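Asker: Contents of start.txt (compact mmCIF, N, CA and C atoms) are given next:
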# COMPACT_ATOMS: atom_id res chain seq x y z
N MET A 1 9.75 154.24 219.79
CA MET A 1 10.17 152.90 219.52
C MET A 1 9.89 152.60 218.06
N THR A 2 10.89 152.05 217.39
CA THR A 2 10.74 151.74 215.98
C THR A 2 10.43 150.26 215.83
N GLN A 3 9.49 150.01 214.97
CA GLN A 3 9.12 148.62 214.76
C GLN A 3 9.81 148.11 213.49
N VAL A 4 10.44 146.92 213.59
CA VAL A 4 11.12 146.33 212.44
C VAL A 4 10.20 145.28 211.86
N SER A 5 9.93 145.44 210.60
CA SER A 5 9.07 144.44 209.96
C SER A 5 9.93 143.50 209.13
N SER A 6 9.53 142.28 209.08
CA SER A 6 10.30 141.31 208.29
C SER A 6 10.10 141.62 206.82
N ALA A 7 11.20 141.57 206.08
CA ALA A 7 11.12 141.88 204.66
C ALA A 7 10.55 140.68 203.92
N ARG A 8 9.61 140.94 203.08
CA ARG A 8 9.01 139.86 202.30
C ARG A 8 9.34 140.13 200.84
N ILE A 9 9.88 139.09 200.19
CA ILE A 9 10.23 139.21 198.78
C ILE A 9 9.02 138.72 197.97
N PRO A 10 8.53 139.56 197.11
CA PRO A 10 7.37 139.15 196.31
C PRO A 10 7.70 137.95 195.42
N LEU A 11 6.73 137.12 195.20
CA LEU A 11 6.88 135.92 194.37
C LEU A 11 7.35 136.27 192.96
N ARG A 12 6.92 137.39 192.47
CA ARG A 12 7.30 137.83 191.12
C ARG A 12 8.83 138.03 191.02
N GLN A 13 9.47 138.58 192.04
CA GLN A 13 10.92 138.79 192.04
C GLN A 13 11.67 137.45 192.13
N ILE A 14 11.17 136.53 192.94
CA ILE A 14 11.80 135.20 193.05
C ILE A 14 11.76 134.49 191.70
N MET A 15 10.61 134.54 191.04
CA MET A 15 10.47 133.89 189.73
C MET A 15 11.41 134.53 188.71
N ALA A 16 11.56 135.84 188.75
CA ALA A 16 12.45 136.53 187.81
C ALA A 16 13.90 136.09 188.03
N VAL A 17 14.32 135.97 189.28
CA VAL A 17 15.69 135.53 189.58
C VAL A 17 15.91 134.10 189.11
N LEU A 18 14.96 133.21 189.38
CA LEU A 18 15.09 131.81 188.95
C LEU A 18 15.11 131.69 187.43
N LEU A 19 14.27 132.45 186.75
CA LEU A 19 14.24 132.43 185.29
C LEU A 19 15.55 132.94 184.72
N THR A 20 16.10 134.00 185.28
CA THR A 20 17.39 134.53 184.82
C THR A 20 18.50 133.50 185.01
N ALA A 21 18.51 132.82 186.15
CA ALA A 21 19.53 131.79 186.41
C ALA A 21 19.40 130.63 185.42
N ALA A 22 18.18 130.21 185.14
CA ALA A 22 17.97 129.09 184.20
C ALA A 22 18.42 129.47 182.79
N LEU A 23 18.10 130.69 182.36
CA LEU A 23 18.52 131.14 181.03
C LEU A 23 20.04 131.26 180.93
N THR A 24 20.67 131.76 181.98
CA THR A 24 22.13 131.88 181.99
C THR A 24 22.79 130.51 181.89
N LEU A 25 22.28 129.54 182.63
CA LEU A 25 22.83 128.19 182.58
C LEU A 25 22.63 127.58 181.20
N SER A 26 21.44 127.74 180.61
CA SER A 26 21.18 127.21 179.27
C SER A 26 22.12 127.82 178.24
N LEU A 27 22.30 129.11 178.30
CA LEU A 27 23.19 129.79 177.36
C LEU A 27 24.62 129.31 177.53
N SER A 28 25.05 129.09 178.75
CA SER A 28 26.40 128.58 179.02
C SER A 28 26.60 127.21 178.40
N VAL A 29 25.62 126.33 178.53
CA VAL A 29 25.72 124.99 177.95
C VAL A 29 25.78 125.07 176.43
N VAL A 30 24.92 125.89 175.82
CA VAL A 30 24.90 126.05 174.37
C VAL A 30 26.25 126.57 173.87
N LEU A 31 26.82 127.56 174.53
CA LEU A 31 28.10 128.12 174.11
C LEU A 31 29.22 127.09 174.26
N THR A 32 29.21 126.30 175.31
CA THR A 32 30.24 125.27 175.51
C THR A 32 30.17 124.22 174.42
N VAL A 33 28.97 123.72 174.11
CA VAL A 33 28.80 122.70 173.07
C VAL A 33 29.21 123.26 171.72
N THR A 34 28.79 124.48 171.41
CA THR A 34 29.13 125.11 170.14
C THR A 34 30.64 125.30 170.02
N THR A 35 31.29 125.77 171.07
CA THR A 35 32.74 125.99 171.05
C THR A 35 33.47 124.67 170.84
N THR A 36 33.02 123.60 171.48
CA THR A 36 33.66 122.29 171.31
C THR A 36 33.52 121.80 169.88
N LYS A 37 32.32 121.95 169.31
CA LYS A 37 32.10 121.51 167.92
C LYS A 37 32.96 122.34 166.96
N GLU A 38 33.02 123.65 167.19
CA GLU A 38 33.82 124.51 166.32
C GLU A 38 35.30 124.16 166.44
N ALA A 39 35.76 123.82 167.63
CA ALA A 39 37.17 123.46 167.81
C ALA A 39 37.48 122.19 167.04
N ALA A 40 36.59 121.21 167.09
CA ALA A 40 36.81 119.96 166.34
C ALA A 40 36.77 120.23 164.84
N ALA A 41 35.85 121.10 164.42
CA ALA A 41 35.74 121.41 163.00
C ALA A 41 36.91 122.25 162.52
N SER A 42 37.58 122.95 163.42
CA SER A 42 38.67 123.83 163.00
C SER A 42 39.99 123.09 162.85
N CYS A 43 40.03 121.78 163.15
CA CYS A 43 41.25 121.00 162.90
C CYS A 43 41.54 121.08 161.41
N SER A 44 42.73 121.47 161.06
CA SER A 44 43.04 121.52 159.65
C SER A 44 43.25 120.09 159.15
N ALA A 45 42.69 119.80 158.00
CA ALA A 45 42.82 118.46 157.42
C ALA A 45 44.29 118.17 157.19
N ASN A 46 44.70 116.98 157.55
CA ASN A 46 46.10 116.61 157.43
C ASN A 46 46.31 115.72 156.21
N ARG A 47 47.39 115.96 155.49
CA ARG A 47 47.66 115.20 154.27
C ARG A 47 48.01 113.74 154.55
N PHE A 48 48.34 113.41 155.80
CA PHE A 48 48.64 112.02 156.15
C PHE A 48 47.36 111.17 156.27
N ASN A 49 46.20 111.82 156.47
CA ASN A 49 44.95 111.07 156.65
C ASN A 49 44.74 110.10 155.49
N GLY A 50 44.34 108.86 155.81
CA GLY A 50 44.01 107.89 154.78
C GLY A 50 44.69 106.55 155.05
N THR A 51 44.61 105.67 154.07
CA THR A 51 45.22 104.35 154.16
C THR A 51 46.43 104.30 153.24
N TRP A 52 47.55 103.88 153.80
CA TRP A 52 48.82 103.79 153.08
C TRP A 52 49.21 102.33 152.99
N ARG A 53 49.64 101.88 151.81
CA ARG A 53 49.97 100.46 151.58
C ARG A 53 51.37 100.30 151.00
N SER A 54 51.96 99.13 151.29
CA SER A 54 53.26 98.78 150.69
C SER A 54 53.23 97.31 150.33
N SER A 55 54.26 96.88 149.63
CA SER A 55 54.39 95.46 149.29
C SER A 55 55.29 94.73 150.28
N ASP A 56 55.76 95.42 151.29
CA ASP A 56 56.67 94.84 152.29
C ASP A 56 55.86 94.16 153.39
N ALA A 57 56.07 92.87 153.62
CA ALA A 57 55.32 92.10 154.62
C ALA A 57 55.51 92.64 156.03
N ARG A 58 56.65 93.29 156.29
CA ARG A 58 56.94 93.80 157.63
C ARG A 58 56.06 95.00 157.99
N LEU A 59 55.59 95.70 156.98
CA LEU A 59 54.74 96.88 157.19
C LEU A 59 53.84 97.01 155.96
N LYS A 60 52.74 96.28 155.95
CA LYS A 60 51.85 96.22 154.78
C LYS A 60 50.97 97.45 154.64
N ARG A 61 50.54 98.00 155.77
CA ARG A 61 49.54 99.06 155.71
C ARG A 61 49.63 99.94 156.97
N ILE A 62 49.31 101.22 156.78
CA ILE A 62 49.15 102.14 157.91
C ILE A 62 47.89 102.95 157.64
N ASP A 63 46.98 102.93 158.61
CA ASP A 63 45.78 103.77 158.55
C ASP A 63 46.05 104.99 159.42
N VAL A 64 45.79 106.17 158.88
CA VAL A 64 46.01 107.43 159.61
C VAL A 64 44.71 108.23 159.60
N TRP A 65 44.31 108.74 160.77
CA TRP A 65 43.12 109.56 160.85
C TRP A 65 43.31 110.62 161.93
N GLN A 66 42.45 111.64 161.83
CA GLN A 66 42.51 112.74 162.78
C GLN A 66 41.39 112.55 163.80
N GLY A 67 41.76 112.53 165.08
CA GLY A 67 40.77 112.36 166.14
C GLY A 67 40.05 113.66 166.43
N GLY A 68 39.01 113.57 167.25
CA GLY A 68 38.25 114.75 167.65
C GLY A 68 39.08 115.76 168.42
N ASP A 69 40.24 115.31 168.94
CA ASP A 69 41.14 116.20 169.66
C ASP A 69 42.16 116.86 168.75
N CYS A 70 42.00 116.71 167.44
CA CYS A 70 42.87 117.29 166.40
C CYS A 70 44.23 116.60 166.28
N HIS A 71 44.50 115.57 167.05
CA HIS A 71 45.74 114.83 166.93
C HIS A 71 45.59 113.72 165.90
N LEU A 72 46.71 113.34 165.30
CA LEU A 72 46.70 112.23 164.35
C LEU A 72 46.85 110.91 165.09
N TYR A 73 46.17 109.91 164.59
CA TYR A 73 46.24 108.55 165.14
C TYR A 73 46.60 107.60 164.01
N ALA A 74 47.23 106.49 164.38
CA ALA A 74 47.66 105.52 163.37
C ALA A 74 47.39 104.11 163.85
N ARG A 75 47.20 103.23 162.87
CA ARG A 75 47.13 101.80 163.13
C ARG A 75 47.99 101.14 162.04
N ALA A 76 49.06 100.50 162.47
CA ALA A 76 49.96 99.82 161.52
C ALA A 76 49.53 98.36 161.39
N TRP A 77 49.86 97.78 160.24
CA TRP A 77 49.51 96.39 159.95
C TRP A 77 50.71 95.71 159.30
N SER A 78 50.90 94.44 159.62
CA SER A 78 51.91 93.62 158.93
C SER A 78 51.33 92.23 158.73
N VAL A 79 52.05 91.42 157.94
CA VAL A 79 51.61 90.04 157.72
C VAL A 79 51.61 89.33 159.08
N CYS A 80 50.54 88.58 159.35
CA CYS A 80 50.41 87.88 160.63
C CYS A 80 51.52 86.85 160.80
N GLU A 81 52.03 86.76 162.00
CA GLU A 81 53.16 85.88 162.30
C GLU A 81 52.83 84.41 162.02
N HIS A 82 51.61 83.97 162.32
CA HIS A 82 51.27 82.56 162.18
C HIS A 82 50.36 82.26 161.00
N ASP A 83 50.01 83.29 160.20
CA ASP A 83 49.15 83.09 159.03
C ASP A 83 49.51 84.15 157.99
N SER A 84 50.40 83.82 157.08
CA SER A 84 50.90 84.80 156.12
C SER A 84 49.87 85.19 155.07
N SER A 85 48.70 84.57 155.08
CA SER A 85 47.66 84.95 154.13
C SER A 85 46.83 86.14 154.64
N ARG A 86 47.06 86.55 155.88
CA ARG A 86 46.31 87.67 156.48
C ARG A 86 47.27 88.75 156.97
N ILE A 87 46.69 89.94 157.21
CA ILE A 87 47.49 90.98 157.87
C ILE A 87 46.87 91.25 159.23
N CYS A 88 47.74 91.56 160.20
CA CYS A 88 47.32 91.77 161.58
C CYS A 88 47.61 93.20 162.01
N SER A 89 46.69 93.77 162.77
CA SER A 89 46.82 95.14 163.27
C SER A 89 47.76 95.19 164.45
N TRP A 90 48.51 96.27 164.54
CA TRP A 90 49.38 96.50 165.69
C TRP A 90 48.64 97.24 166.78
N GLY A 91 47.46 97.76 166.49
CA GLY A 91 46.70 98.54 167.46
C GLY A 91 46.80 100.03 167.18
N ASN A 92 45.87 100.78 167.75
CA ASN A 92 45.80 102.24 167.56
C ASN A 92 46.81 102.94 168.46
N ARG A 93 47.46 103.96 167.91
CA ARG A 93 48.37 104.78 168.69
C ARG A 93 48.23 106.24 168.25
N ARG A 94 48.38 107.14 169.21
CA ARG A 94 48.42 108.56 168.87
C ARG A 94 49.80 108.87 168.34
N MET A 95 49.85 109.63 167.27
CA MET A 95 51.13 110.02 166.69
C MET A 95 51.77 111.11 167.53
N GLY A 96 53.09 111.17 167.49
CA GLY A 96 53.82 112.22 168.19
C GLY A 96 53.66 113.54 167.48
N ASP A 97 53.61 114.60 168.24
CA ASP A 97 53.50 115.93 167.66
C ASP A 97 54.84 116.34 167.07
N SER A 98 54.79 116.85 165.86
CA SER A 98 56.01 117.27 165.19
C SER A 98 55.82 118.67 164.64
N PRO A 99 56.82 119.53 164.81
CA PRO A 99 56.70 120.88 164.25
C PRO A 99 56.82 120.88 162.73
N GLU A 100 57.37 119.82 162.17
CA GLU A 100 57.54 119.74 160.72
C GLU A 100 56.29 119.12 160.11
N PRO A 101 55.61 119.82 159.18
CA PRO A 101 54.33 119.33 158.67
C PRO A 101 54.41 118.02 157.87
N ASN A 102 55.55 117.70 157.31
CA ASN A 102 55.68 116.49 156.49
C ASN A 102 56.30 115.33 157.25
N PHE A 103 56.30 115.39 158.57
CA PHE A 103 56.95 114.35 159.36
C PHE A 103 56.08 114.00 160.57
N GLN A 104 55.85 112.72 160.78
CA GLN A 104 55.11 112.25 161.95
C GLN A 104 55.80 110.99 162.45
N PHE A 105 55.56 110.64 163.69
CA PHE A 105 56.09 109.37 164.20
C PHE A 105 55.08 108.73 165.13
N VAL A 106 55.16 107.41 165.21
CA VAL A 106 54.28 106.65 166.09
C VAL A 106 55.09 105.53 166.71
N GLY A 107 54.90 105.30 167.99
CA GLY A 107 55.69 104.29 168.70
C GLY A 107 54.84 103.14 169.19
N TYR A 108 55.43 101.97 169.22
CA TYR A 108 54.78 100.76 169.74
C TYR A 108 55.73 100.11 170.73
N ASN A 109 55.18 99.67 171.84
CA ASN A 109 55.97 98.93 172.82
C ASN A 109 55.49 97.48 172.84
N TRP A 110 56.40 96.59 172.57
CA TRP A 110 56.10 95.17 172.55
C TRP A 110 56.68 94.53 173.81
N ASN A 111 56.38 93.24 174.01
CA ASN A 111 56.92 92.57 175.20
C ASN A 111 58.42 92.33 175.10
N ASN A 112 58.97 92.38 173.88
CA ASN A 112 60.41 92.16 173.71
C ASN A 112 61.14 93.30 173.00
N ALA A 113 60.42 94.40 172.68
CA ALA A 113 61.07 95.47 171.91
C ALA A 113 60.24 96.76 171.97
N SER A 114 60.90 97.84 171.56
CA SER A 114 60.23 99.12 171.32
C SER A 114 60.43 99.46 169.86
N GLU A 115 59.36 99.85 169.20
CA GLU A 115 59.42 100.12 167.76
C GLU A 115 58.86 101.50 167.48
N VAL A 116 59.53 102.25 166.61
CA VAL A 116 59.08 103.58 166.23
C VAL A 116 59.03 103.65 164.71
N LEU A 117 57.91 104.15 164.21
CA LEU A 117 57.76 104.39 162.78
C LEU A 117 57.88 105.89 162.53
N HIS A 118 58.77 106.27 161.64
CA HIS A 118 58.96 107.68 161.26
C HIS A 118 58.36 107.85 159.87
N LEU A 119 57.27 108.57 159.76
CA LEU A 119 56.60 108.78 158.48
C LEU A 119 57.02 110.12 157.90
N ARG A 120 57.47 110.10 156.65
CA ARG A 120 57.86 111.34 155.98
C ARG A 120 57.10 111.42 154.66
N MET A 121 56.30 112.49 154.54
CA MET A 121 55.53 112.72 153.32
C MET A 121 56.48 113.08 152.19
N GLN A 122 56.40 112.32 151.10
CA GLN A 122 57.22 112.65 149.92
C GLN A 122 56.42 113.50 148.95
N ASP A 123 55.17 113.13 148.76
CA ASP A 123 54.21 113.94 148.01
C ASP A 123 52.83 113.51 148.47
N ARG A 124 51.79 113.98 147.82
CA ARG A 124 50.43 113.69 148.29
C ARG A 124 50.06 112.21 148.26
N SER A 125 50.78 111.42 147.48
CA SER A 125 50.40 110.01 147.35
C SER A 125 51.47 109.04 147.83
N ARG A 126 52.61 109.54 148.30
CA ARG A 126 53.70 108.65 148.74
C ARG A 126 54.30 109.12 150.05
N ILE A 127 54.58 108.15 150.92
CA ILE A 127 55.35 108.44 152.13
C ILE A 127 56.45 107.40 152.24
N SER A 128 57.53 107.79 152.88
CA SER A 128 58.54 106.80 153.23
C SER A 128 58.46 106.61 154.74
N VAL A 129 58.55 105.35 155.16
CA VAL A 129 58.45 105.03 156.57
C VAL A 129 59.73 104.34 157.00
N TRP A 130 60.43 104.95 157.94
CA TRP A 130 61.62 104.33 158.51
C TRP A 130 61.18 103.65 159.79
N ASP A 131 61.37 102.34 159.85
CA ASP A 131 60.98 101.54 161.00
C ASP A 131 62.24 101.22 161.79
N SER A 132 62.25 101.61 163.05
CA SER A 132 63.40 101.37 163.91
C SER A 132 62.94 100.57 165.13
N THR A 133 63.54 99.38 165.32
CA THR A 133 63.15 98.50 166.43
C THR A 133 64.36 98.26 167.33
N ASP A 134 64.18 98.53 168.61
CA ASP A 134 65.21 98.25 169.62
C ASP A 134 64.70 97.11 170.49
N TYR A 135 65.36 95.95 170.35
CA TYR A 135 64.98 94.79 171.15
C TYR A 135 65.59 94.90 172.55
N HIS A 136 64.92 94.34 173.52
CA HIS A 136 65.40 94.41 174.90
C HIS A 136 66.73 93.67 175.10
N ASN A 137 67.05 92.73 174.19
CA ASN A 137 68.32 91.99 174.30
C ASN A 137 69.49 92.76 173.68
N GLY A 138 69.24 94.01 173.21
CA GLY A 138 70.30 94.84 172.65
C GLY A 138 70.34 94.88 171.13
N LYS A 139 69.66 93.97 170.46
CA LYS A 139 69.63 93.93 168.99
C LYS A 139 68.83 95.13 168.47
N LYS A 140 69.30 95.71 167.37
CA LYS A 140 68.61 96.83 166.73
C LYS A 140 68.38 96.49 165.27
N VAL A 141 67.18 96.77 164.79
CA VAL A 141 66.82 96.51 163.39
C VAL A 141 66.14 97.76 162.85
N SER A 142 66.49 98.14 161.63
CA SER A 142 65.79 99.26 161.00
C SER A 142 65.71 99.01 159.50
N PHE A 143 64.66 99.52 158.90
CA PHE A 143 64.47 99.42 157.45
C PHE A 143 63.54 100.54 157.01
N THR A 144 63.54 100.82 155.71
CA THR A 144 62.68 101.87 155.14
C THR A 144 61.73 101.25 154.15
N VAL A 145 60.49 101.67 154.17
CA VAL A 145 59.45 101.19 153.27
C VAL A 145 58.82 102.39 152.59
N THR A 146 58.59 102.30 151.29
CA THR A 146 57.82 103.32 150.58
C THR A 146 56.38 102.85 150.53
N MET A 147 55.47 103.75 150.86
CA MET A 147 54.05 103.42 150.89
C MET A 147 53.28 104.37 149.98
N TRP A 148 52.20 103.84 149.39
CA TRP A 148 51.35 104.61 148.51
C TRP A 148 49.97 104.75 149.11
N LYS A 149 49.36 105.89 148.89
CA LYS A 149 48.02 106.15 149.44
C LYS A 149 46.98 105.41 148.62
N SER A 150 46.10 104.68 149.31
CA SER A 150 44.99 104.00 148.64
C SER A 150 43.92 104.99 148.29
N SER A 151 43.19 104.70 147.21
CA SER A 151 42.10 105.61 146.86
C SER A 151 40.80 105.17 147.44
Kindly transcribe the structure held in the file into structure tokens.

Answerer:
Amino acid sequence: MTQVSSARIPLRQIMAVLLTAALTLSLSVVLTVTTTKEAAASCSANRFNGTWRSSDARLKRIDVWQGGDCHLYARAWSVCEHDSSRICSWGNRRMGDSPEPNFQFVGYNWNNASEVLHLRMQDRSRISVWDSTDYHNGKKVSFTVTMWKSS
């Protein structure tokens, strides 16, 4: 008759397994955080980044910046409807992805219209912005503004 003894795992082996698991998890977290930081740092700087200004009240300023996700974001400004001594923000929007490096677009949806700004880099300090607005009543308005980069 053979006797079966219960297998006992020494405490030293249990501790080694737990230590290995903890180190693996720590290394995984460090690699994930490092990879995320490197991905954000690897965004190539975009020439559109900065503040762009014009003398046209319909589109006084556009702020452009690169988000942590490497996409460009914009905030357009125009003279306030009820106070022409101030400029009012249109709000932040993510720019549309474009295969052409000197062209970007950003869209705004209003309660009475849809508006799209088409930004085209002319040189490092100038862009032309074509503003196209389609009103829900069928009216269409478009104009072009030249903007200069603020220092």

Asker: How close does each residue of range 73-138 of chain A get to range 50-64 of chain A, giving the shortest atom pair and distance in Å to one decimal for every residue with an atom at most 7 Å away, counting only C-alpha atoms, sorted by chain and residue number, as CSV?

Answerer:
residue,atom,partner,partner_atom,distance
A:Tyr73,CA,A:Val64,CA,5.6
A:Ala74,CA,A:Val64,CA,4.5
A:Arg75,CA,A:Asp63,CA,5.2
A:Ala76,CA,A:Ile62,CA,4.4
A:Trp77,CA,A:Arg61,CA,5.0
A:Ser78,CA,A:Leu59,CA,4.7
A:Val79,CA,A:Ala57,CA,5.3

Asker: Near Arg47 in chain A, within 8 Å and counting only N, CA and C atoms, which residues show up once chain neighbours fewer than 4 positions away are dropped, as a PyMOL selection string?

Answerer: chain A and resi 101+121+123-125

Asker: Grab the CA of Met147 in chain A to CA of Asn49 in chain A distance for me, in Å with one decimal place.

Answerer: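 So the two atoms, CA of Met147 in chain A and CA of Asn49 in chain A, lie 13.2 Å apart.
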
Asker: Using DSSP on the backbone coordinates, identify all residues within range 66-127 of chain A classified as strand (DSSP E or B); present the result as a ChimeraX atom specification.

Answerer: /A:66,72-79,87-94,96,103-109,113-123,126-127

Asker: Between atom C of Phe48 in chain A and CA of Gly67 in chain A, what is the spacing in Å?

Answerer: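 Separating CA of Gly67 in chain A from atom C of Phe48 in chain A is a distance of 11.9 Å.
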
Asker: For a test of reading the model, state the distance in Å between CA of Tyr135 in chain A and CA of Arg94 in chain A, rounded to one decimal.

Answerer: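 CA of Arg94 in chain A lies at a distance of 21.7 Å from CA of Tyr135 in chain A.
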
Asker: Find the spatial neighbours of Gly107 in chain A, counting all atoms listed in the file, within a cut-off of 6.5 Å - ignore same-chain residues fewer than 3 positions away - and output them as a ChimeraX atom specification.

Answerer: /A:94-96,115-117

Asker: Restricting the calculation to only C-alpha atoms: of A:Ser142, A:Ser150, A:Trp65, A:Tyr108, which residue gets closest to Arg126 in chain A?

Answerer: A:Ser150
